[in-house]
file coords.cif (mmCIF, C-alpha atoms and all ligand atoms; chains and numbers go by the auth columns)
data_protein
#
loop_
_atom_site.group_PDB
_atom_site.id
_atom_site.type_symbol
_atom_site.label_atom_id
_atom_site.label_comp_id
_atom_site.label_asym_id
_atom_site.label_seq_id
_atom_site.Cartn_x
_atom_site.Cartn_y
_atom_site.Cartn_z
_atom_site.B_iso_or_equiv
_atom_site.auth_seq_id
_atom_site.auth_asym_id
ATOM 1 C CA MET A 1 74.848 59.952 23.658 0.00 1 H
ATOM 2 C CA GLN A 2 75.934 56.397 23.088 0.00 2 H
ATOM 3 C CA THR A 3 76.164 55.299 19.457 0.00 3 H
ATOM 4 C CA GLU A 4 73.097 53.105 19.856 0.00 4 H
ATOM 5 C CA GLU A 5 71.047 56.057 21.096 0.00 5 H
ATOM 6 C CA VAL A 6 72.294 58.424 18.390 0.00 6 H
ATOM 7 C CA ILE A 7 71.216 55.931 15.745 0.00 7 H
ATOM 8 C CA ARG A 8 67.910 55.027 17.394 0.00 8 H
ATOM 9 C CA THR A 9 66.782 58.621 17.977 0.00 9 H
ATOM 10 C CA ARG A 10 67.765 60.140 14.624 0.00 10 H
ATOM 11 C CA ARG A 11 64.692 61.421 12.829 0.00 11 H
ATOM 12 C CA SER A 12 64.248 63.835 9.946 0.00 12 H
ATOM 13 C CA THR A 13 63.682 67.475 10.870 0.00 13 H
ATOM 14 C CA ARG A 14 61.699 69.574 8.395 0.00 14 H
ATOM 15 C CA ARG A 15 61.058 72.737 10.400 0.00 15 H
ATOM 16 C CA PHE A 16 64.075 74.803 11.362 0.00 16 H
ATOM 17 C CA SER A 17 64.433 77.863 13.577 0.00 17 H
ATOM 18 C CA ASP A 18 66.460 80.932 12.558 0.00 18 H
ATOM 19 C CA ARG A 19 69.115 80.160 15.171 0.00 19 H
ATOM 20 C CA PRO A 20 72.507 79.918 13.493 0.00 20 H
ATOM 21 C CA VAL A 21 74.580 76.787 13.992 0.00 21 H
ATOM 22 C CA GLU A 22 77.850 77.265 15.827 0.00 22 H
ATOM 23 C CA GLU A 23 80.946 77.007 13.644 0.00 23 H
ATOM 24 C CA GLU A 24 82.378 74.230 15.865 0.00 24 H
ATOM 25 C CA LYS A 25 79.256 72.123 15.396 0.00 25 H
ATOM 26 C CA LEU A 26 79.387 72.503 11.624 0.00 26 H
ATOM 27 C CA GLU A 27 83.054 71.559 11.698 0.00 27 H
ATOM 28 C CA LYS A 28 82.211 68.383 13.627 0.00 28 H
ATOM 29 C CA ILE A 29 79.538 67.531 11.084 0.00 29 H
ATOM 30 C CA LEU A 30 82.032 67.979 8.254 0.00 30 H
ATOM 31 C CA GLN A 31 84.530 65.839 10.159 0.00 31 H
ATOM 32 C CA ALA A 32 81.883 63.130 10.340 0.00 32 H
ATOM 33 C CA ALA A 33 81.568 63.282 6.529 0.00 33 H
ATOM 34 C CA ASN A 34 85.315 63.095 6.273 0.00 34 H
ATOM 35 C CA GLN A 35 85.387 59.887 8.307 0.00 35 H
ATOM 36 C CA ALA A 36 82.853 58.148 6.066 0.00 36 H
ATOM 37 C CA PRO A 37 83.950 55.093 4.126 0.00 37 H
ATOM 38 C CA SER A 38 84.253 55.295 0.347 0.00 38 H
ATOM 39 C CA GLY A 39 84.478 52.653 -2.374 0.00 39 H
ATOM 40 C CA GLY A 40 88.120 51.892 -3.045 0.00 40 H
ATOM 41 C CA ASN A 41 88.900 54.645 -0.528 0.00 41 H
ATOM 42 C CA SER A 42 88.400 57.035 -3.445 0.00 42 H
ATOM 43 C CA ARG A 43 87.469 60.006 -1.213 0.00 43 H
ATOM 44 C CA THR A 44 86.256 62.035 -4.179 0.00 44 H
ATOM 45 C CA CYS A 45 83.055 63.229 -2.490 0.00 45 H
ATOM 46 C CA ARG A 46 83.036 67.048 -2.226 0.00 46 H
ATOM 47 C CA LEU A 47 80.811 69.250 -0.098 0.00 47 H
ATOM 48 C CA PHE A 48 79.289 72.677 -0.595 0.00 48 H
ATOM 49 C CA VAL A 49 78.186 74.187 2.712 0.00 49 H
ATOM 50 C CA ILE A 50 75.555 76.772 1.875 0.00 50 H
ATOM 51 C CA ARG A 51 74.684 79.214 4.628 0.00 51 H
ATOM 52 C CA SER A 52 73.928 82.227 2.446 0.00 52 H
ATOM 53 C CA ARG A 53 70.208 83.122 2.685 0.00 53 H
ATOM 54 C CA LYS A 54 70.451 84.578 -0.806 0.00 54 H
ATOM 55 C CA VAL A 55 71.890 81.387 -2.295 0.00 55 H
ATOM 56 C CA LEU A 56 69.318 79.230 -0.477 0.00 56 H
ATOM 57 C CA GLU A 57 66.563 81.428 -1.855 0.00 57 H
ATOM 58 C CA ASP A 58 68.042 81.277 -5.382 0.00 58 H
ATOM 59 C CA LEU A 59 68.273 77.479 -5.170 0.00 59 H
ATOM 60 C CA ALA A 60 64.673 77.239 -4.025 0.00 60 H
ATOM 61 C CA GLN A 61 63.585 79.346 -6.997 0.00 61 H
ATOM 62 C CA ILE A 62 65.649 77.322 -9.456 0.00 62 H
ATOM 63 C CA ALA A 63 64.094 74.110 -8.117 0.00 63 H
ATOM 64 C CA GLN A 64 60.648 75.683 -8.157 0.00 64 H
ATOM 65 C CA ARG A 65 61.017 76.538 -11.856 0.00 65 H
ATOM 66 C CA ALA A 66 62.533 73.164 -12.782 0.00 66 H
ATOM 67 C CA PHE A 67 59.946 71.010 -11.019 0.00 67 H
ATOM 68 C CA ALA A 68 57.038 73.179 -12.137 0.00 68 H
ATOM 69 C CA ALA A 69 58.079 72.535 -15.748 0.00 69 H
ATOM 70 C CA MET A 70 57.979 68.733 -15.282 0.00 70 H
ATOM 71 C CA GLU A 71 55.033 66.447 -15.864 0.00 71 H
ATOM 72 C CA TYR A 72 54.142 63.398 -13.838 0.00 72 H
ATOM 73 C CA ASP A 73 51.883 60.386 -13.990 0.00 73 H
ATOM 74 C CA GLU A 74 51.055 57.444 -11.758 0.00 74 H
ATOM 75 C CA ASN A 75 54.423 55.844 -12.528 0.00 75 H
ATOM 76 C CA THR A 76 56.427 58.822 -11.282 0.00 76 H
ATOM 77 C CA TYR A 77 58.285 58.172 -8.028 0.00 77 H
ATOM 78 C CA ARG A 78 56.019 59.421 -5.233 0.00 78 H
ATOM 79 C CA SER A 79 58.432 61.904 -3.667 0.00 79 H
ATOM 80 C CA LYS A 80 59.287 63.367 -7.047 0.00 80 H
ATOM 81 C CA ARG A 81 55.608 63.607 -7.903 0.00 81 H
ATOM 82 C CA ASN A 82 55.082 65.577 -4.677 0.00 82 H
ATOM 83 C CA SER A 83 57.887 67.957 -5.619 0.00 83 H
ATOM 84 C CA ILE A 84 56.370 68.538 -9.051 0.00 84 H
ATOM 85 C CA ALA A 85 52.850 68.990 -7.664 0.00 85 H
ATOM 86 C CA LYS A 86 54.015 71.449 -4.977 0.00 86 H
ATOM 87 C CA ALA A 87 56.134 73.395 -7.455 0.00 87 H
ATOM 88 C CA LYS A 88 53.168 73.723 -9.816 0.00 88 H
ATOM 89 C CA GLN A 89 51.234 75.270 -6.909 0.00 89 H
ATOM 90 C CA GLY A 90 54.078 77.795 -6.388 0.00 90 H
ATOM 91 C CA HIS A 91 56.236 78.739 -3.376 0.00 91 H
ATOM 92 C CA TYR A 92 57.964 75.382 -3.199 0.00 92 H
ATOM 93 C CA VAL A 93 60.950 75.491 -0.813 0.00 93 H
ATOM 94 C CA PHE A 94 62.562 72.055 -1.130 0.00 94 H
ATOM 95 C CA HIS A 95 65.213 72.607 1.554 0.00 95 H
ATOM 96 C CA TYR A 96 62.987 73.794 4.445 0.00 96 H
ATOM 97 C CA GLN A 97 65.162 76.900 5.015 0.00 97 H
ATOM 98 C CA PRO A 98 67.803 75.365 7.267 0.00 98 H
ATOM 99 C CA ALA A 99 70.781 77.178 8.785 0.00 99 H
ATOM 100 C CA ALA A 100 72.920 75.243 6.328 0.00 100 H
ATOM 101 C CA LEU A 101 72.350 73.084 3.276 0.00 101 H
ATOM 102 C CA ILE A 102 75.263 70.738 2.646 0.00 102 H
ATOM 103 C CA VAL A 103 75.325 69.599 -0.982 0.00 103 H
ATOM 104 C CA THR A 104 77.431 66.558 -1.833 0.00 104 H
ATOM 105 C CA VAL A 105 78.930 66.094 -5.292 0.00 105 H
ATOM 106 C CA ASN A 106 81.214 63.430 -6.694 0.00 106 H
ATOM 107 C CA GLN A 107 83.035 62.454 -9.861 0.00 107 H
ATOM 108 C CA ARG A 108 80.587 61.237 -12.551 0.00 108 H
ATOM 109 C CA SER A 109 83.076 58.582 -13.597 0.00 109 H
ATOM 110 C CA HIS A 110 83.208 57.073 -10.097 0.00 110 H
ATOM 111 C CA PRO A 111 80.944 53.997 -10.003 0.00 111 H
ATOM 112 C CA ASN A 112 80.261 54.537 -6.292 0.00 112 H
ATOM 113 C CA ALA A 113 79.593 58.266 -6.548 0.00 113 H
ATOM 114 C CA LEU A 114 76.100 58.198 -5.075 0.00 114 H
ATOM 115 C CA VAL A 115 76.778 55.611 -2.409 0.00 115 H
ATOM 116 C CA ASP A 116 79.918 57.286 -1.139 0.00 116 H
ATOM 117 C CA CYS A 117 78.000 60.537 -0.741 0.00 117 H
ATOM 118 C CA ALA A 118 75.147 58.707 0.992 0.00 118 H
ATOM 119 C CA CYS A 119 77.636 57.302 3.519 0.00 119 H
ATOM 120 C CA ALA A 120 78.911 60.826 4.177 0.00 120 H
ATOM 121 C CA LEU A 121 75.339 62.093 4.497 0.00 121 H
ATOM 122 C CA GLU A 122 74.400 59.415 7.029 0.00 122 H
ATOM 123 C CA ASN A 123 77.510 60.132 9.104 0.00 123 H
ATOM 124 C CA MET A 124 76.554 63.815 9.105 0.00 124 H
ATOM 125 C CA MET A 125 72.954 63.087 10.141 0.00 125 H
ATOM 126 C CA LEU A 126 74.144 61.047 13.091 0.00 126 H
ATOM 127 C CA MET A 127 76.636 63.701 14.160 0.00 127 H
ATOM 128 C CA ALA A 128 73.931 66.367 13.870 0.00 128 H
ATOM 129 C CA ASN A 129 71.739 64.348 16.220 0.00 129 H
ATOM 130 C CA GLU A 130 74.607 63.936 18.666 0.00 130 H
ATOM 131 C CA LEU A 131 74.995 67.747 18.638 0.00 131 H
ATOM 132 C CA ASP A 132 71.266 68.373 19.256 0.00 132 H
ATOM 133 C CA LEU A 133 70.779 69.582 15.686 0.00 133 H
ATOM 134 C CA GLY A 134 68.015 68.550 13.346 0.00 134 H
ATOM 135 C CA SER A 135 68.779 67.335 9.848 0.00 135 H
ATOM 136 C CA CYS A 136 67.047 65.975 6.781 0.00 136 H
ATOM 137 C CA TYR A 137 68.377 64.186 3.697 0.00 137 H
ATOM 138 C CA ILE A 138 67.266 66.281 0.734 0.00 138 H
ATOM 139 C CA ASN A 139 67.354 64.694 -2.705 0.00 139 H
ATOM 140 C CA GLN A 140 66.012 67.420 -4.984 0.00 140 H
ATOM 141 C CA PRO A 141 69.483 68.691 -5.990 0.00 141 H
ATOM 142 C CA HIS A 142 70.267 65.141 -7.150 0.00 142 H
ATOM 143 C CA TRP A 143 67.092 64.949 -9.199 0.00 143 H
ATOM 144 C CA LEU A 144 68.088 68.244 -10.806 0.00 144 H
ATOM 145 C CA ASP A 145 71.625 67.074 -11.544 0.00 145 H
ATOM 146 C CA GLU A 146 71.042 67.606 -15.269 0.00 146 H
ATOM 147 C CA ASP A 147 69.205 70.903 -14.888 0.00 147 H
ATOM 148 C CA PRO A 148 71.250 73.510 -16.796 0.00 148 H
ATOM 149 C CA GLU A 149 70.196 76.386 -14.549 0.00 149 H
ATOM 150 C CA LEU A 150 71.171 74.593 -11.334 0.00 150 H
ATOM 151 C CA ARG A 151 74.456 73.400 -12.812 0.00 151 H
ATOM 152 C CA ALA A 152 75.325 76.879 -14.071 0.00 152 H
ATOM 153 C CA TYR A 153 74.472 78.372 -10.691 0.00 153 H
ATOM 154 C CA LEU A 154 76.645 75.904 -8.738 0.00 154 H
ATOM 155 C CA ALA A 155 79.421 76.222 -11.334 0.00 155 H
ATOM 156 C CA ARG A 156 79.891 79.768 -10.014 0.00 156 H
ATOM 157 C CA TYR A 157 80.963 78.125 -6.752 0.00 157 H
ATOM 158 C CA GLY A 158 83.164 75.521 -8.365 0.00 158 H
ATOM 159 C CA LEU A 159 80.928 72.645 -9.563 0.00 159 H
ATOM 160 C CA THR A 160 82.684 71.127 -12.573 0.00 160 H
ATOM 161 C CA GLU A 161 81.312 69.288 -15.612 0.00 161 H
ATOM 162 C CA GLU A 162 82.999 66.139 -14.322 0.00 162 H
ATOM 163 C CA GLU A 163 80.964 66.215 -11.122 0.00 163 H
ATOM 164 C CA THR A 164 77.500 64.853 -10.440 0.00 164 H
ATOM 165 C CA ILE A 165 75.240 66.247 -7.722 0.00 165 H
ATOM 166 C CA CYS A 166 74.553 63.330 -5.384 0.00 166 H
ATOM 167 C CA GLY A 167 72.357 64.633 -2.592 0.00 167 H
ATOM 168 C CA SER A 168 72.189 67.138 0.202 0.00 168 H
ATOM 169 C CA LEU A 169 71.490 67.629 3.875 0.00 169 H
ATOM 170 C CA ALA A 170 69.502 70.344 5.608 0.00 170 H
ATOM 171 C CA VAL A 171 71.000 71.074 9.036 0.00 171 H
ATOM 172 C CA GLY A 172 69.930 73.429 11.784 0.00 172 H
ATOM 173 C CA TYR A 173 68.214 73.863 15.113 0.00 173 H
ATOM 174 C CA ALA A 174 64.737 72.419 15.061 0.00 174 H
ATOM 175 C CA ASP A 175 61.793 74.766 15.315 0.00 175 H
ATOM 176 C CA THR A 176 60.493 73.114 18.499 0.00 176 H
ATOM 177 C CA PRO A 177 59.777 74.689 21.902 0.00 177 H
ATOM 178 C CA ASP A 178 63.087 73.455 23.340 0.00 178 H
ATOM 179 C CA GLY A 179 65.019 73.714 20.066 0.00 179 H
ATOM 180 C CA LEU A 180 65.792 69.995 20.155 0.00 180 H
ATOM 181 C CA PRO A 181 65.043 67.751 17.187 0.00 181 H
ATOM 182 C CA ASN A 182 62.091 65.432 17.391 0.00 182 H
ATOM 183 C CA ARG A 183 63.579 62.123 18.475 0.00 183 H
ATOM 184 C CA MET A 184 60.323 60.267 18.977 0.00 184 H
ATOM 185 C CA GLY A 185 59.127 59.418 15.481 0.00 185 H
ATOM 186 C CA ALA A 186 56.749 56.555 14.896 0.00 186 H
ATOM 187 C CA PRO A 187 58.370 53.228 15.736 0.00 187 H
ATOM 188 C CA LYS A 188 59.915 51.632 12.697 0.00 188 H
ATOM 189 C CA GLU A 189 58.692 48.262 11.556 0.00 189 H
ATOM 190 C CA PRO A 190 61.575 45.805 11.321 0.00 190 H
ATOM 191 C CA LEU A 191 63.098 45.438 7.867 0.00 191 H
ATOM 192 C CA ALA A 192 62.824 42.000 6.307 0.00 192 H
ATOM 193 C CA VAL A 193 65.800 39.969 7.446 0.00 193 H
ATOM 194 C CA THR A 194 66.824 36.509 6.295 0.00 194 H
ATOM 195 C CA TRP A 195 69.270 34.746 8.575 0.00 195 H
ATOM 196 C CA ILE A 196 71.504 32.256 6.846 0.00 196 H
ATOM 197 C CA ASP A 197 73.264 30.218 9.498 0.00 197 H
ATOM 198 C CA GLU A 198 73.413 26.751 8.071 0.00 198 H
ATOM 199 C CA PRO A 199 76.841 25.144 8.259 0.00 199 H
HETATM 200 C C1 LIG B . 67.894 58.812 -0.260 0.00 201 H
HETATM 201 C C2 LIG B . 66.958 59.643 0.579 0.00 201 H
HETATM 202 C C3 LIG B . 66.332 60.725 0.011 0.00 201 H
HETATM 203 C C4 LIG B . 65.503 61.536 0.775 0.00 201 H
HETATM 204 N N1 LIG B . 64.974 62.663 0.218 0.00 201 H
HETATM 205 C C5 LIG B . 64.220 63.471 0.954 0.00 201 H
HETATM 206 C C6 LIG B . 63.753 64.695 0.421 0.00 201 H
HETATM 207 O O1 LIG B . 64.077 65.070 -0.699 0.00 201 H
HETATM 208 N N2 LIG B . 62.965 65.485 1.198 0.00 201 H
HETATM 209 C C7 LIG B . 62.625 65.112 2.478 0.00 201 H
HETATM 210 O O2 LIG B . 61.904 65.843 3.125 0.00 201 H
HETATM 211 N N3 LIG B . 63.065 63.958 3.019 0.00 201 H
HETATM 212 C C8 LIG B . 63.869 63.148 2.302 0.00 201 H
HETATM 213 N N4 LIG B . 64.378 62.003 2.853 0.00 201 H
HETATM 214 C C9 LIG B . 64.038 61.653 4.243 0.00 201 H
HETATM 215 C C10 LIG B . 63.064 60.483 4.319 0.00 201 H
HETATM 216 O O3 LIG B . 61.786 60.902 3.910 0.00 201 H
HETATM 217 C C11 LIG B . 63.048 59.981 5.764 0.00 201 H
HETATM 218 O O4 LIG B . 64.327 59.504 6.108 0.00 201 H
HETATM 219 C C12 LIG B . 62.039 58.870 5.968 0.00 201 H
HETATM 220 O O5 LIG B . 60.731 59.344 5.790 0.00 201 H
HETATM 221 C C13 LIG B . 62.138 58.235 7.373 0.00 201 H
HETATM 222 O O6 LIG B . 61.963 59.209 8.377 0.00 201 H
HETATM 223 P P1 LIG B . 63.095 59.507 9.473 0.00 201 H
HETATM 224 O O7 LIG B . 64.299 60.078 8.737 0.00 201 H
HETATM 225 O O8 LIG B . 62.485 60.515 10.391 0.00 201 H
HETATM 226 O O9 LIG B . 63.465 58.237 10.145 0.00 201 H
HETATM 227 C C14 LIG B . 65.243 61.204 2.121 0.00 201 H
HETATM 228 C C15 LIG B . 65.887 60.102 2.695 0.00 201 H
HETATM 229 C C16 LIG B . 66.747 59.352 1.937 0.00 201 H
HETATM 230 C C17 LIG B . 67.482 58.202 2.577 0.00 201 H
#
call {"tool": "encode", "arguments": {"input": "coords.cif", "output": "C-alpha cells"}}
result
Amino acid sequence: MQTEEVIRTRRSTRRFSDRPVEEEKLEKILQAANQAPSGGNSRTCRLFVIRSRKVLEDLAQIAQRAFAAMEYDENTYRSKRNSIAKAKQGHYVFHYQPAALIVTVNQRSHPNALVDCACALENMMLMANELDLGSCYINQPHWLDEDPELRAYLARYGLTEEETICGSLAVGYADTPDGLPNRMGAPKEPLAVTWIDEP
C-alpha cells in the first residue's frame, strides 16, 4: 500500500482469530517502533512482546481484579468507566486475546515518556495495517501503572521501578471471513483546523 492508503485505512481491530502472526511480520512491526521519533532522540522506550497465552490470561485476570476494585462516577473518563463497569460484571478481557500484546514502557524521569511510546505505537499500527494485520491501541496497562500486582508481575520479566507503563498494542489476524482487518470504519469528521497564513 501507499503511505496515504495505509494511514487512511487503519482502523482498530477488537476481534482476533487464533492464527499466529509470522515472526517476520512481528519483526517488521518492531522495526517500525524502532524507527519512531523520540523527544531529544532519547530512545528509552522499551517493548515487551507478549505471546504467551498464560501471561495474557494472567494479565487479563490482574486487570479484572484491579478494575473491579475501583469506583466510578459521572466524572470518570468514559473509557475507564467502561473498564470498571465490565470488570465488576466479571470476565473482563481488556486485550481482546490477540496473537501478541506489545506493552511499551519508558523511563519515569523522561518528560516525553508517554508521547515517545505513543509515536512507537502509531508506527506499529500503521505497519500492522500494511502487513494485513489488525491492531488496537490498548491503554489499560497504562491506567494500571501504579497497580502493585501488575508491576510485580511484569517485574518478573524485567520491568524496573524506574519505568512507567505507557500503553500497549494488541496485534493479530482479524477474526473476519477473509482474515483481513476491517478497513472501512465510519468516515471520520474533519478535526478542527485553523489556518494561519497571514504575512
Ligand atoms: C491513547 C489511546 C488509547 C486507546 N485505548 C483503547 C483501549 O484501551 N481499548 C480499546 O479498545 N481501544 C482503545 N483505543 C482505540 C480508540 O478507541 C480508537 O482509535 C478510536 O475509537 C477510533 O477508531 P479507529 O482506531 O478504528 O480509527 C485507544 C486509542 C488511543 C489513541
call {"tool": "resolve_selection", "arguments": {"input": "coords.cif", "expression": "the PyMOL selection byres (((not hetatm)) within 6 of (chain H and resi 201))", "output": "list in words"}}
result
Arg11, Ser12, Cys136, Tyr137, Ile138, Asn139 and Gln140 of chain H
call {"tool": "atom_distance", "arguments": {"input": "coords.cif", "atom1": "CA of Tyr72 (chain H)", "atom2": "CA of Arg151 (chain H)"}}
result
22.7 Å
call {"tool": "closest_atom_pairs", "arguments": {"input": "coords.cif", "of": "region 78-181 of chain H", "to": "region 34-49 of chain H", "cutoff": "12 Å", "atoms": "only C-alpha atoms", "output": "JSON lines"}}
result
{"residue": "H:Pro98", "atom": "CA", "partner": "H:Val49", "partner_atom": "CA", "distance": 11.4}
{"residue": "H:Ala99", "atom": "CA", "partner": "H:Val49", "partner_atom": "CA", "distance": 10.0}
{"residue": "H:Ala100", "atom": "CA", "partner": "H:Val49", "partner_atom": "CA", "distance": 6.5}
{"residue": "H:Leu101", "atom": "CA", "partner": "H:Val49", "partner_atom": "CA", "distance": 6.0}
{"residue": "H:Ile102", "atom": "CA", "partner": "H:Val49", "partner_atom": "CA", "distance": 4.5}
{"residue": "H:Val103", "atom": "CA", "partner": "H:Phe48", "partner_atom": "CA", "distance": 5.0}
{"residue": "H:Thr104", "atom": "CA", "partner": "H:Leu47", "partner_atom": "CA", "distance": 4.7}
{"residue": "H:Val105", "atom": "CA", "partner": "H:Arg46", "partner_atom": "CA", "distance": 5.2}
{"residue": "H:Asn106", "atom": "CA", "partner": "H:Cys45", "partner_atom": "CA", "distance": 4.6}
{"residue": "H:Gln107", "atom": "CA", "partner": "H:Thr44", "partner_atom": "CA", "distance": 6.5}
{"residue": "H:Arg108", "atom": "CA", "partner": "H:Thr44", "partner_atom": "CA", "distance": 10.1}
{"residue": "H:Ser109", "atom": "CA", "partner": "H:Thr44", "partner_atom": "CA", "distance": 10.5}
{"residue": "H:His110", "atom": "CA", "partner": "H:Thr44", "partner_atom": "CA", "distance": 8.3}
{"residue": "H:Pro111", "atom": "CA", "partner": "H:Gly39", "partner_atom": "CA", "distance": 8.5}
{"residue": "H:Asn112", "atom": "CA", "partner": "H:Gly39", "partner_atom": "CA", "distance": 6.1}
{"residue": "H:Ala113", "atom": "CA", "partner": "H:Cys45", "partner_atom": "CA", "distance": 7.3}
{"residue": "H:Leu114", "atom": "CA", "partner": "H:Cys45", "partner_atom": "CA", "distance": 9.0}
{"residue": "H:Val115", "atom": "CA", "partner": "H:Ser38", "partner_atom": "CA", "distance": 8.0}
{"residue": "H:Asp116", "atom": "CA", "partner": "H:Ser38", "partner_atom": "CA", "distance": 5.0}
{"residue": "H:Cys117", "atom": "CA", "partner": "H:Cys45", "partner_atom": "CA", "distance": 6.0}
{"residue": "H:Ala118", "atom": "CA", "partner": "H:Ala36", "partner_atom": "CA", "distance": 9.2}
{"residue": "H:Cys119", "atom": "CA", "partner": "H:Ala36", "partner_atom": "CA", "distance": 5.9}
{"residue": "H:Ala120", "atom": "CA", "partner": "H:Ala36", "partner_atom": "CA", "distance": 5.1}
{"residue": "H:Leu121", "atom": "CA", "partner": "H:Ala36", "partner_atom": "CA", "distance": 8.6}
{"residue": "H:Glu122", "atom": "CA", "partner": "H:Ala36", "partner_atom": "CA", "distance": 8.6}
{"residue": "H:Asn123", "atom": "CA", "partner": "H:Ala36", "partner_atom": "CA", "distance": 6.5}
{"residue": "H:Met124", "atom": "CA", "partner": "H:Ala36", "partner_atom": "CA", "distance": 9.0}
{"residue": "H:Met125", "atom": "CA", "partner": "H:Ala36", "partner_atom": "CA", "distance": 11.8}
{"residue": "H:Leu126", "atom": "CA", "partner": "H:Ala36", "partner_atom": "CA", "distance": 11.6}
{"residue": "H:Met127", "atom": "CA", "partner": "H:Gln35", "partner_atom": "CA", "distance": 11.2}
{"residue": "H:Pro141", "atom": "CA", "partner": "H:Phe48", "partner_atom": "CA", "distance": 11.9}
{"residue": "H:Leu154", "atom": "CA", "partner": "H:Phe48", "partner_atom": "CA", "distance": 9.1}
{"residue": "H:Ala155", "atom": "CA", "partner": "H:Phe48", "partner_atom": "CA", "distance": 11.3}
{"residue": "H:Arg156", "atom": "CA", "partner": "H:Phe48", "partner_atom": "CA", "distance": 11.8}
{"residue": "H:Tyr157", "atom": "CA", "partner": "H:Phe48", "partner_atom": "CA", "distance": 8.4}
{"residue": "H:Gly158", "atom": "CA", "partner": "H:Phe48", "partner_atom": "CA", "distance": 9.1}
{"residue": "H:Leu159", "atom": "CA", "partner": "H:Phe48", "partner_atom": "CA", "distance": 9.1}
{"residue": "H:Thr160", "atom": "CA", "partner": "H:Arg46", "partner_atom": "CA", "distance": 11.1}
{"residue": "H:Glu162", "atom": "CA", "partner": "H:Thr44", "partner_atom": "CA", "distance": 11.4}
{"residue": "H:Glu163", "atom": "CA", "partner": "H:Arg46", "partner_atom": "CA", "distance": 9.2}
{"residue": "H:Thr164", "atom": "CA", "partner": "H:Cys45", "partner_atom": "CA", "distance": 9.8}
{"residue": "H:Ile165", "atom": "CA", "partner": "H:Arg46", "partner_atom": "CA", "distance": 9.6}
{"residue": "H:Cys166", "atom": "CA", "partner": "H:Cys45", "partner_atom": "CA", "distance": 9.0}
{"residue": "H:Gly167", "atom": "CA", "partner": "H:Leu47", "partner_atom": "CA", "distance": 10.0}
{"residue": "H:Ser168", "atom": "CA", "partner": "H:Leu47", "partner_atom": "CA", "distance": 8.9}
{"residue": "H:Leu169", "atom": "CA", "partner": "H:Val49", "partner_atom": "CA", "distance": 9.4}
{"residue": "H:Ala170", "atom": "CA", "partner": "H:Val49", "partner_atom": "CA", "distance": 9.9}
{"residue": "H:Val171", "atom": "CA", "partner": "H:Val49", "partner_atom": "CA", "distance": 10.1}
call {"tool": "atom_distance", "arguments": {"input": "coords.cif", "atom1": "CA of Leu150 (chain H)", "atom2": "CA of Gln89 (chain H)"}}
result
20.4 Å
call {"tool": "residues_around", "arguments": {"input": "coords.cif", "residues": "region 173-175 of chain H", "least_positions_apart": "5", "cutoff": "7 Å", "atoms": "only C-alpha atoms", "output": "PyMOL selection string"}}
result
chain H and resi 13+15-17+19+133-134+180-181
call {"tool": "axis_aligned_box", "arguments": {"input": "coords.cif", "around": "region 100-119 of chain H", "padding_each_side": "8 Å", "output": "AutoDock Vina command-line options"}}
result
--center_x 77.8 --center_y 64.6 --center_z -3.6 --size_x 26.9 --size_y 37.2 --size_z 35.9
call {"tool": "atom_distance", "arguments": {"input": "coords.cif", "atom1": "CA of Tyr77 (chain H)", "atom2": "CA of His95 (chain H)"}}
result
18.7 Å
call {"tool": "resolve_selection", "arguments": {"input": "coords.cif", "expression": "the PyMOL selection byres (((chain H and resi 67) around 12) and not hetatm)", "output": "ChimeraX atom specification"}}
result
/H:60-66,68-72,79-94,140-141,143-144,147,150
call {"tool": "write_last_selection", "arguments": {"input": "coords.cif", "atoms": "C-alpha atoms", "output": "short mmCIF file (atom, residue, chain, number, x, y, z; two decimals), in the frame of the given file"}}
result
data_model
loop_
_atom_site.label_atom_id
_atom_site.label_comp_id
_atom_site.auth_asym_id
_atom_site.auth_seq_id
_atom_site.Cartn_x
_atom_site.Cartn_y
_atom_site.Cartn_z
CA ALA H 60 64.67 77.24 -4.03
CA GLN H 61 63.58 79.35 -7.00
CA ILE H 62 65.65 77.32 -9.46
CA ALA H 63 64.09 74.11 -8.12
CA GLN H 64 60.65 75.68 -8.16
CA ARG H 65 61.02 76.54 -11.86
CA ALA H 66 62.53 73.16 -12.78
CA ALA H 68 57.04 73.18 -12.14
CA ALA H 69 58.08 72.54 -15.75
CA MET H 70 57.98 68.73 -15.28
CA GLU H 71 55.03 66.45 -15.86
CA TYR H 72 54.14 63.40 -13.84
CA SER H 79 58.43 61.90 -3.67
CA LYS H 80 59.29 63.37 -7.05
CA ARG H 81 55.61 63.61 -7.90
CA ASN H 82 55.08 65.58 -4.68
CA SER H 83 57.89 67.96 -5.62
CA ILE H 84 56.37 68.54 -9.05
CA ALA H 85 52.85 68.99 -7.66
CA LYS H 86 54.02 71.45 -4.98
CA ALA H 87 56.13 73.40 -7.46
CA LYS H 88 53.17 73.72 -9.82
CA GLN H 89 51.23 75.27 -6.91
CA GLY H 90 54.08 77.80 -6.39
CA HIS H 91 56.24 78.74 -3.38
CA TYR H 92 57.96 75.38 -3.20
CA VAL H 93 60.95 75.49 -0.81
CA PHE H 94 62.56 72.06 -1.13
CA GLN H 140 66.01 67.42 -4.98
CA PRO H 141 69.48 68.69 -5.99
CA TRP H 143 67.09 64.95 -9.20
CA LEU H 144 68.09 68.24 -10.81
CA ASP H 147 69.20 70.90 -14.89
CA LEU H 150 71.17 74.59 -11.33
#
call {"tool": "closest_residue", "arguments": {"input": "coords.cif", "among": "H:Leu131, H:Leu56, H:Val6, H:Ala32", "to": "Gly172 (chain H)", "atoms": "all atoms listed in the file"}}
result
H:Leu131
call {"tool": "resolve_selection", "arguments": {"input": "coords.cif", "expression": "the PyMOL selection byres (((chain H and resi 5) around 12) and not hetatm)", "output": "PyMOL selection string"}}
result
chain H and resi 1-4+6-11+126-127+129-130+183-184
